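Data file: structure18.txt. Format and content: compact mmCIF, C-alpha atoms.
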```txt
# COMPACT_ATOMS: atom_id res chain seq x y z
CA ASP H 1158 78.57 88.73 82.43
CA ASP H 1159 81.51 90.96 81.63
CA GLY H 1160 83.27 90.09 84.86
CA VAL H 1161 83.96 92.13 87.95
CA GLY H 1162 86.70 94.10 86.20
CA ARG H 1163 84.41 95.28 83.38
CA ARG H 1164 81.76 96.39 85.88
CA VAL H 1165 84.13 98.68 87.76
CA ALA H 1166 86.33 99.89 84.90
CA ASP H 1167 83.98 102.64 83.77
CA SER H 1168 83.54 104.06 87.28
CA VAL H 1169 86.54 104.02 89.58
CA VAL H 1170 89.18 103.59 86.88
CA ASP H 1171 87.92 106.70 85.08
CA GLU H 1172 87.89 108.63 88.33
CA VAL H 1173 91.46 107.67 89.18
CA ALA H 1174 92.80 107.92 85.63
CA GLN H 1175 91.89 111.59 85.43
CA GLN H 1176 94.63 112.32 87.94
CA HIS H 1177 97.54 111.57 85.65
CA ALA H 1178 98.26 110.79 81.99
CA GLN H 1179 100.15 107.65 82.93
CA GLN H 1180 97.14 106.42 84.84
CA ALA H 1181 94.87 107.09 81.87
CA GLU H 1182 97.14 104.90 79.77
CA VAL H 1183 96.87 102.12 82.35
CA ALA H 1184 93.07 102.40 82.28
CA MET H 1185 93.03 102.05 78.47
CA ARG H 1186 95.22 98.96 78.68
CA MET H 1187 92.77 97.40 81.12
CA ARG H 1188 89.84 97.96 78.78
CA ALA H 1189 91.76 96.34 75.92
CA ARG H 1190 92.22 93.09 77.83
CA GLY H 1191 89.92 90.11 77.95
CA ILE H 1192 87.33 89.22 80.55
CA GLY H 1193 86.98 86.52 83.15
CA ALA H 1194 88.83 85.62 86.33
CA GLN H 1195 92.37 86.16 85.03
CA PHE H 1196 91.37 89.54 83.67
CA ASP H 1197 89.89 90.43 87.05
CA VAL H 1198 93.13 89.48 88.85
CA GLU H 1199 95.20 91.57 86.47
CA LEU H 1200 92.76 94.45 86.76
CA ALA H 1201 93.06 94.36 90.55
CA ARG H 1202 96.82 94.73 90.23
CA GLU H 1203 96.41 97.63 87.83
CA VAL H 1204 93.91 99.39 90.09
CA LEU H 1205 96.34 99.05 92.97
CA LEU H 1206 99.00 100.56 90.73
CA LEU H 1207 96.73 103.50 90.01
CA GLY H 1208 96.39 104.16 93.69
CA ASP H 1209 100.11 103.70 94.30
CA LEU H 1210 100.93 106.28 91.63
CA GLN H 1211 99.07 108.91 93.60
CA PRO H 1212 101.19 111.31 95.67
CA HIS H 1213 100.56 110.30 99.27
CA ASP H 1214 99.44 113.68 100.56
CA ARG H 1215 96.24 114.17 102.52
CA LEU H 1216 94.16 114.85 99.42
CA GLN H 1217 95.33 111.91 97.33
CA VAL H 1218 95.29 109.19 99.99
CA ASP H 1219 91.52 109.02 99.50
CA VAL H 1220 92.02 108.16 95.82
CA ALA H 1221 94.61 105.51 96.68
CA LYS H 1222 92.30 104.03 99.30
CA ARG H 1223 89.40 103.94 96.84
CA SER H 1224 91.61 102.08 94.37
CA GLY H 1225 92.60 99.62 97.07
CA GLU H 1226 88.99 98.97 98.04
CA VAL H 1227 88.08 98.22 94.43
CA ALA H 1228 91.11 95.95 94.07
CA ARG H 1229 90.13 94.09 97.22
CA LYS H 1230 86.59 93.58 95.91
CA ILE H 1231 87.90 92.25 92.59
CA GLN H 1232 90.39 89.92 94.27
CA THR H 1233 87.81 88.66 96.76
CA GLU H 1234 85.43 87.66 93.98
CA ALA H 1235 88.10 86.29 91.64
CA LEU H 1236 90.46 84.65 94.14
CA GLY H 1237 88.72 84.49 97.49
CA PRO H 1238 88.92 86.61 100.65
CA ASP H 1239 91.88 84.74 102.12
CA HIS H 1240 94.05 84.52 99.01
CA PRO H 1241 97.55 85.96 99.60
CA GLU H 1242 97.04 88.64 96.94
CA THR H 1243 93.77 89.71 98.55
CA LEU H 1244 95.41 89.79 101.96
CA SER H 1245 98.30 91.87 100.63
CA THR H 1246 95.75 94.41 99.44
CA VAL H 1247 94.14 94.37 102.89
CA MET H 1248 97.55 95.33 104.35
CA VAL H 1249 97.85 98.16 101.81
CA LEU H 1250 94.44 99.41 102.93
CA GLY H 1251 95.59 99.22 106.54
CA GLN H 1252 98.58 101.40 105.75
CA LEU H 1253 96.40 103.90 103.89
CA ALA H 1254 93.97 104.04 106.81
CA GLU H 1255 96.89 104.82 109.09
CA ASP H 1256 98.04 107.53 106.68
CA LYS H 1257 94.60 109.11 107.06
CA GLY H 1258 94.78 108.91 110.84
CA GLU H 1259 92.09 106.21 110.99
CA ASN H 1260 94.02 104.12 113.47
CA GLU H 1261 91.23 101.84 114.64
CA GLU H 1262 90.41 100.85 111.06
CA ALA H 1263 94.10 100.42 110.29
CA GLU H 1264 94.59 98.11 113.26
CA SER H 1265 91.51 96.07 112.34
CA LEU H 1266 92.66 95.62 108.72
CA LEU H 1267 96.22 94.70 109.66
CA LYS H 1268 95.05 92.21 112.30
CA THR H 1269 92.59 90.69 109.82
CA ALA H 1270 95.39 90.18 107.30
CA MET H 1271 97.74 88.72 109.92
CA GLU H 1272 95.22 86.19 111.23
CA ALA H 1273 94.21 85.17 107.71
CA PHE H 1274 97.85 84.70 106.65
CA LYS H 1275 98.41 82.48 109.69
CA LYS H 1276 95.39 80.37 108.83
CA ARG H 1277 96.11 80.16 105.09
CA LEU H 1278 99.91 79.82 105.02
CA GLY H 1279 100.87 78.91 108.57
CA GLU H 1280 102.72 80.82 111.26
CA ARG H 1281 106.19 80.04 109.84
CA HIS H 1282 105.62 81.46 106.34
CA PRO H 1283 107.53 84.60 105.19
CA ALA H 1284 104.26 86.27 104.12
CA THR H 1285 102.89 85.73 107.61
CA ALA H 1286 106.07 87.27 109.00
CA GLY H 1287 105.46 90.26 106.76
CA SER H 1288 101.99 90.75 108.22
CA LEU H 1289 103.37 90.48 111.76
CA PHE H 1290 105.97 93.10 110.89
CA ARG H 1291 103.45 95.53 109.44
CA LEU H 1292 101.20 95.28 112.49
CA ALA H 1293 104.23 95.73 114.77
CA GLN H 1294 105.18 98.91 112.90
CA HIS H 1295 101.63 100.20 113.28
CA TYR H 1296 101.68 99.63 117.05
CA HIS H 1297 105.17 101.13 117.30
CA ARG H 1298 104.16 104.32 115.49
CA ARG H 1299 101.14 104.67 117.78
CA GLY H 1300 103.32 104.32 120.88
CA LYS H 1301 101.96 100.87 121.79
CA LEU H 1302 105.46 99.56 122.42
CA GLU H 1303 104.59 96.51 124.50
CA GLN H 1304 102.25 95.26 121.78
CA ALA H 1305 104.84 95.87 119.06
CA ARG H 1306 107.75 93.94 120.57
CA PRO H 1307 106.47 90.32 120.40
CA LEU H 1308 105.33 90.89 116.81
CA TYR H 1309 108.73 92.26 115.78
CA GLU H 1310 110.47 89.34 117.45
CA ALA H 1311 108.16 86.74 115.89
CA ALA H 1312 108.64 88.29 112.44
CA LEU H 1313 112.43 88.30 112.86
CA GLN H 1314 112.47 84.68 114.00
CA VAL H 1315 110.52 83.48 110.96
CA ARG H 1316 112.51 85.60 108.52
CA GLU H 1317 115.83 84.38 109.90
CA GLU H 1318 114.55 80.81 109.70
CA LYS H 1319 113.06 80.96 106.20
CA LEU H 1320 115.10 83.56 104.30
CA LEU H 1321 118.74 83.80 103.26
CA PRO H 1322 121.00 85.36 105.92
CA ASP H 1323 121.54 88.53 103.89
CA HIS H 1324 117.90 89.09 102.96
CA LEU H 1325 116.89 92.74 103.20
CA ASP H 1326 113.66 91.85 105.02
CA ILE H 1327 115.83 90.61 107.88
CA ALA H 1328 117.77 93.87 107.87
CA SER H 1329 114.62 96.01 107.92
CA THR H 1330 113.23 93.98 110.83
CA LEU H 1331 116.49 94.40 112.75
CA ILE H 1332 116.39 98.17 112.18
CA SER H 1333 112.80 98.45 113.45
CA LEU H 1334 113.50 96.26 116.47
CA ALA H 1335 116.60 98.34 117.20
CA LYS H 1336 114.45 101.47 117.11
CA TRP H 1337 112.08 99.80 119.57
CA HIS H 1338 114.96 99.14 121.98
CA LEU H 1339 116.21 102.69 121.52
CA ASP H 1340 112.77 104.09 122.34
CA MET H 1341 112.71 101.95 125.47
CA GLY H 1342 116.21 103.09 126.46
CA TYR H 1343 117.85 99.68 125.95
CA LEU H 1344 120.89 101.10 124.18
CA PRO H 1345 123.32 98.12 124.08
CA LYS H 1346 120.68 95.91 122.44
CA ALA H 1347 119.73 98.70 120.02
CA GLU H 1348 123.37 99.05 119.01
CA GLU H 1349 123.79 95.29 118.51
CA LEU H 1350 120.71 95.04 116.28
CA ASN H 1351 121.73 98.08 114.25
CA GLN H 1352 125.20 96.65 113.71
CA ARG H 1353 123.73 93.39 112.43
CA ALA H 1354 121.45 95.25 110.02
CA LEU H 1355 124.26 97.49 108.81
CA LYS H 1356 126.43 94.50 107.90
CA ILE H 1357 123.63 93.18 105.67
CA TYR H 1358 123.08 96.53 103.97
CA ASP H 1359 126.84 96.95 103.41
CA ARG H 1360 127.16 93.51 101.84
CA VAL H 1361 124.01 93.58 99.72
CA LEU H 1362 123.55 97.23 98.75
CA GLY H 1363 126.99 98.75 99.26
CA THR H 1364 128.16 101.63 101.38
CA GLY H 1365 126.76 104.33 99.09
CA HIS H 1366 123.15 103.15 99.01
CA PRO H 1367 120.52 105.34 100.75
CA GLU H 1368 119.27 102.44 102.87
CA THR H 1369 122.81 101.78 104.06
CA GLY H 1370 123.07 105.46 104.90
CA ALA H 1371 119.83 105.27 106.84
CA ALA H 1372 121.21 102.30 108.80
CA HIS H 1373 124.33 104.33 109.64
CA LYS H 1374 122.07 107.13 110.87
CA SER H 1375 120.15 104.69 113.06
CA LEU H 1376 123.42 103.55 114.60
CA GLY H 1377 124.41 107.18 115.08
CA ASP H 1378 121.14 107.81 116.91
CA VAL H 1379 122.10 105.13 119.42
CA ALA H 1380 125.54 106.68 119.92
CA LEU H 1381 123.93 110.08 120.44
CA HIS H 1382 121.61 108.72 123.13
CA GLU H 1383 124.58 107.16 124.93
CA GLN H 1384 125.99 110.67 125.56
CA PRO H 1385 124.94 112.68 128.60
CA LEU H 1386 122.20 115.14 127.74
CA GLU H 1387 124.43 118.20 128.01
CA HIS H 1388 126.96 116.58 125.65
CA ARG H 1389 124.22 115.84 123.13
CA ASP H 1390 123.13 119.46 123.18
CA ARG H 1391 126.69 120.71 122.65
CA ARG H 1392 127.30 118.27 119.79
CA ARG H 1393 124.03 119.23 118.16
CA HIS H 1394 125.00 122.91 118.50
CA ARG H 1395 128.36 122.22 116.84
CA CYS H 1396 126.60 120.58 113.92
CA GLU H 1397 124.40 123.61 113.51
CA ARG H 1398 127.27 126.11 113.46
CA GLY H 1399 129.67 124.03 111.34
CA ALA H 1400 131.92 121.02 111.56
CA PHE H 1401 134.80 122.95 113.16
CA GLY H 1402 132.86 125.22 115.47
CA GLY H 1403 132.53 128.04 112.95
CA GLY H 1404 136.29 128.67 112.89
CA GLU H 1405 138.55 128.47 109.87
CA HIS H 1406 140.25 125.15 109.28
CA ARG H 1407 143.56 125.44 107.46
CA GLU H 1408 144.68 122.74 105.06
CA GLY H 1409 147.12 120.33 106.60
CA GLU H 1410 145.79 120.77 110.13
CA ASP H 1411 143.85 118.08 111.95
CA PRO H 1412 140.29 119.03 112.87
CA PRO H 1413 139.57 119.50 116.58
CA ASP H 1414 138.74 116.38 118.56
CA GLU H 1415 135.17 116.74 119.82
CA ASP H 1416 135.63 114.41 122.79
CA GLU H 1417 138.68 116.39 123.86
CA GLY H 1418 136.65 119.56 123.48
CA ASP H 1419 133.88 118.20 125.65
CA ALA H 1420 136.37 117.34 128.38
CA ALA H 1421 137.88 120.79 128.12
CA GLU H 1422 134.44 122.39 128.49
CA GLU H 1423 133.86 120.41 131.68
CA ARG H 1424 137.20 121.71 133.05
CA GLY H 1425 136.35 125.27 132.06
CA ASP H 1426 139.19 125.32 129.50
CA PRO H 1427 138.45 127.93 126.78
CA ALA H 1428 139.94 125.55 124.20
CA GLY H 1429 136.82 123.48 124.52
CA GLN H 1430 134.50 126.41 123.92
```

What is this file in structure tokens?
Amino acid sequence: DDGVGRRVADSVVDEVAQQHAQQAEVAMRMRARGIGAQFDVELAREVLLLGDLQPHDRLQVDVAKRSGEVARKIQTEALGPDHPETLSTVMVLGQLAEDKGENEEAESLLKTAMEAFKKRLGERHPATAGSLFRLAQHYHRRGKLEQARPLYEAALQVREEKLLPDHLDIASTLISLAKWHLDMGYLPKAEELNQRALKIYDRVLGTGHPETGAAHKSLGDVALHEQPLEHRDRRRHRCERGAFGGGEHREGEDPPDEDEGDAAEERGDPAGQ
């Protein structure tokens, strides 16, 4: 028996490898390796890589999903259906199903992974927290807010208990939970959670990192929602026509104060218009 990897290499790997020269090189490396269980495990990782290299547009998600299904089959036979690597692949497949709009399948896969992680590793394991977080995100994106919240909170509790205080997984959970509170209109809590996440990103990644910038934007979204609706519209309009209202700003002069301008508009003062 040439092993599970050898049986699939000439079918799916060829299909996926045709998409990109780098993928073809990966496929050749797989064929050059040995056989047996360890080969199968490595092949599963490589097949997942092939799928991950695909651009995630509507046409290529099918190829990525096919790669994930093959990887799951290999891992199930080589490692078992409830091995953490197999379950991680199940979560990847859940995300890909969501990308395709197959929400029922996505939910089923993500719930399967979560329950299996709980059984295999326990409810207080970081990998279990990761599965809780992924399912919470899925519910959140589908508008199932009440189902998302307890999963977010459980994931955050485990991550804060098991990981270092500045771990980025804690920050990402805080950001998502802050977005949940923002969507529900709980602005003070959203601001608090965003501030906590931003401190982690600042310390770990620095102020110039894109993820830190995204955290600043999330905090800005909260501030925007705290403004009355008419103020938000005016501020958005200012951004569209330029930082200084379309007028010329001479060097050495202070830019106009937007809050002062808003107050002036309410009074009917032309200076605020």

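Atom CA of Val1361 of chain H sits 28.5 Å away from atom CA of Phe1274 of chain H.
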
Notebook entry, point to check: Of the candidates H:His1324, H:Leu1292, H:Ala1254, H:Pro1241, which shows the shortest atom-to-atom distance to Arg1223 of chain H, using all atoms listed in the file?
Noted result: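 Of all the options, H:Ala1254 lies closest to Arg1223 of chain H.
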
Notebook entry, point to check: Using all atoms listed in the file, which residue out of H:Glu1262, H:Asp1239, H:Glu1226, H:Glu1303 lies closest to Lys1275 of chain H?
Noted result: H:Asp1239

Note to self: Using all atoms listed in the file, which protein or nucleic acid residues come within 10 Å of Ala1328 of chain H? Drop anything in the same chain fewer than 3 positions from it, and give the result as a list in words.
What the structure shows: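 Here the answer would be Leu1313, Arg1316, Glu1317, Pro1322, Asp1323, His1324, Leu1325, Leu1331, Ile1332, Ser1333, Leu1334, Leu1350, Asn1351, Gln1352, Arg1353, Ala1354, Leu1355, Lys1356, Ile1357, Tyr1358 and Ala1372 of chain H.
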
Notebook entry, point to check: Hey, can you pull every residue with an atom no more than 7 Å from (90.1, 95.6, 101.1), using all atoms listed in the file, and send it as a list in words?
Noted result: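 Checking each residue against the 7 Å limit leaves Gly1225, Glu1226, Arg1229, Lys1230, Thr1246, Val1247 and Leu1250 of chain H.
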
Check: Quick one: distance from atom CA of Leu1344 of chain H to atom CA of Lys1374 of chain H in Å, one decimal?
Finding: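 Between atom CA of Leu1344 of chain H and atom CA of Lys1374 of chain H the gap works out to 14.7 Å.
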
Save segment 1229-1265 of chain H of the structure in the block above to a file, with N, CA, C and O atoms included, as a compact mmCIF listing (two decimals), in the first residue's frame.
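Generated file (decode.txt):
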```txt
# COMPACT_ATOMS: atom_id res chain seq x y z
N ARG H 1229 -8.39 16.71 4.97
CA ARG H 1229 -9.14 16.13 6.08
C ARG H 1229 -9.18 14.61 5.97
O ARG H 1229 -9.04 13.91 6.99
N LYS H 1230 -9.37 14.09 4.78
CA LYS H 1230 -9.41 12.64 4.59
C LYS H 1230 -8.06 12.01 4.98
O LYS H 1230 -8.01 11.00 5.68
N ILE H 1231 -6.98 12.64 4.52
CA ILE H 1231 -5.65 12.13 4.85
C ILE H 1231 -5.43 12.16 6.36
O ILE H 1231 -4.98 11.17 6.97
N GLN H 1232 -5.75 13.27 6.99
CA GLN H 1232 -5.52 13.41 8.43
C GLN H 1232 -6.40 12.45 9.23
O GLN H 1232 -5.96 11.89 10.24
N THR H 1233 -7.62 12.24 8.77
CA THR H 1233 -8.52 11.33 9.48
C THR H 1233 -7.97 9.91 9.48
O THR H 1233 -7.99 9.22 10.51
N GLU H 1234 -7.43 9.48 8.33
CA GLU H 1234 -6.89 8.12 8.24
C GLU H 1234 -5.55 7.99 8.95
O GLU H 1234 -5.25 6.96 9.55
N ALA H 1235 -4.72 9.04 8.89
CA ALA H 1235 -3.38 8.96 9.48
C ALA H 1235 -3.36 9.29 10.96
O ALA H 1235 -2.56 8.73 11.72
N LEU H 1236 -4.24 10.22 11.40
CA LEU H 1236 -4.18 10.71 12.77
C LEU H 1236 -5.44 10.42 13.57
O LEU H 1236 -5.39 10.34 14.80
N GLY H 1237 -6.55 10.30 12.90
CA GLY H 1237 -7.83 10.11 13.58
C GLY H 1237 -8.73 11.32 13.38
O GLY H 1237 -8.25 12.44 13.18
N PRO H 1238 -10.04 11.13 13.47
CA PRO H 1238 -10.97 12.21 13.18
C PRO H 1238 -10.98 13.32 14.22
O PRO H 1238 -11.41 14.44 13.92
N ASP H 1239 -10.53 13.03 15.45
CA ASP H 1239 -10.57 14.05 16.49
C ASP H 1239 -9.18 14.57 16.86
O ASP H 1239 -9.01 15.21 17.90
N HIS H 1240 -8.18 14.31 16.01
CA HIS H 1240 -6.86 14.87 16.25
C HIS H 1240 -6.91 16.38 16.03
O HIS H 1240 -7.61 16.86 15.13
N PRO H 1241 -6.15 17.16 16.82
CA PRO H 1241 -6.20 18.62 16.66
C PRO H 1241 -5.89 19.10 15.24
O PRO H 1241 -6.51 20.07 14.78
N GLU H 1242 -4.97 18.45 14.54
CA GLU H 1242 -4.69 18.87 13.17
C GLU H 1242 -5.89 18.62 12.27
O GLU H 1242 -6.22 19.43 11.40
N THR H 1243 -6.54 17.48 12.45
CA THR H 1243 -7.75 17.20 11.67
C THR H 1243 -8.83 18.22 11.96
O THR H 1243 -9.49 18.74 11.04
N LEU H 1244 -9.00 18.54 13.23
CA LEU H 1244 -10.04 19.49 13.62
C LEU H 1244 -9.74 20.89 13.11
O LEU H 1244 -10.66 21.65 12.75
N SER H 1245 -8.47 21.26 13.05
CA SER H 1245 -8.10 22.56 12.49
C SER H 1245 -8.50 22.64 11.02
O SER H 1245 -8.96 23.68 10.54
N THR H 1246 -8.33 21.52 10.31
CA THR H 1246 -8.74 21.47 8.91
C THR H 1246 -10.26 21.58 8.79
O THR H 1246 -10.77 22.23 7.87
N VAL H 1247 -10.98 20.96 9.72
CA VAL H 1247 -12.44 21.07 9.72
C VAL H 1247 -12.85 22.55 9.85
O VAL H 1247 -13.78 23.01 9.18
N MET H 1248 -12.14 23.30 10.69
CA MET H 1248 -12.45 24.72 10.84
C MET H 1248 -12.15 25.49 9.56
O MET H 1248 -12.89 26.41 9.18
N VAL H 1249 -11.05 25.12 8.89
CA VAL H 1249 -10.74 25.75 7.60
C VAL H 1249 -11.89 25.49 6.61
O VAL H 1249 -12.33 26.39 5.89
N LEU H 1250 -12.37 24.26 6.58
CA LEU H 1250 -13.48 23.92 5.68
C LEU H 1250 -14.74 24.69 6.05
O LEU H 1250 -15.52 25.09 5.17
N GLY H 1251 -14.95 24.93 7.33
CA GLY H 1251 -16.09 25.73 7.75
C GLY H 1251 -16.00 27.14 7.24
O GLY H 1251 -16.99 27.72 6.76
N GLN H 1252 -14.80 27.72 7.31
CA GLN H 1252 -14.60 29.08 6.79
C GLN H 1252 -14.82 29.13 5.29
O GLN H 1252 -15.44 30.06 4.76
N LEU H 1253 -14.31 28.12 4.58
CA LEU H 1253 -14.48 28.09 3.12
C LEU H 1253 -15.95 27.92 2.74
O LEU H 1253 -16.42 28.52 1.76
N ALA H 1254 -16.67 27.12 3.51
CA ALA H 1254 -18.11 26.97 3.25
C ALA H 1254 -18.83 28.30 3.43
O ALA H 1254 -19.70 28.67 2.64
N GLU H 1255 -18.43 29.03 4.46
CA GLU H 1255 -19.02 30.36 4.67
C GLU H 1255 -18.68 31.29 3.50
O GLU H 1255 -19.53 32.05 3.03
N ASP H 1256 -17.43 31.22 3.03
CA ASP H 1256 -17.02 32.05 1.89
C ASP H 1256 -17.89 31.77 0.66
O ASP H 1256 -18.11 32.65 -0.16
N LYS H 1257 -18.34 30.54 0.54
CA LYS H 1257 -19.19 30.16 -0.60
C LYS H 1257 -20.67 30.47 -0.34
O LYS H 1257 -21.51 30.25 -1.22
N GLY H 1258 -20.98 30.95 0.84
CA GLY H 1258 -22.38 31.22 1.17
C GLY H 1258 -23.13 30.00 1.64
O GLY H 1258 -24.36 30.04 1.76
N GLU H 1259 -22.42 28.92 1.94
CA GLU H 1259 -23.06 27.68 2.41
C GLU H 1259 -23.09 27.70 3.94
O GLU H 1259 -22.33 27.01 4.63
N ASN H 1260 -23.97 28.53 4.48
CA ASN H 1260 -23.92 28.84 5.90
C ASN H 1260 -24.31 27.67 6.79
O ASN H 1260 -23.76 27.52 7.89
N GLU H 1261 -25.25 26.86 6.34
CA GLU H 1261 -25.64 25.71 7.17
C GLU H 1261 -24.48 24.72 7.29
O GLU H 1261 -24.21 24.19 8.37
N GLU H 1262 -23.80 24.46 6.17
CA GLU H 1262 -22.64 23.56 6.21
C GLU H 1262 -21.53 24.16 7.06
O GLU H 1262 -20.88 23.46 7.84
N ALA H 1263 -21.32 25.46 6.91
CA ALA H 1263 -20.28 26.14 7.70
C ALA H 1263 -20.55 26.00 9.19
O ALA H 1263 -19.65 25.65 9.97
N GLU H 1264 -21.79 26.25 9.59
CA GLU H 1264 -22.14 26.14 11.01
C GLU H 1264 -21.94 24.72 11.51
O GLU H 1264 -21.40 24.50 12.60
N SER H 1265 -22.35 23.74 10.72
CA SER H 1265 -22.20 22.34 11.11
C SER H 1265 -20.73 21.97 11.30
O SER H 1265 -20.36 21.33 12.30
```
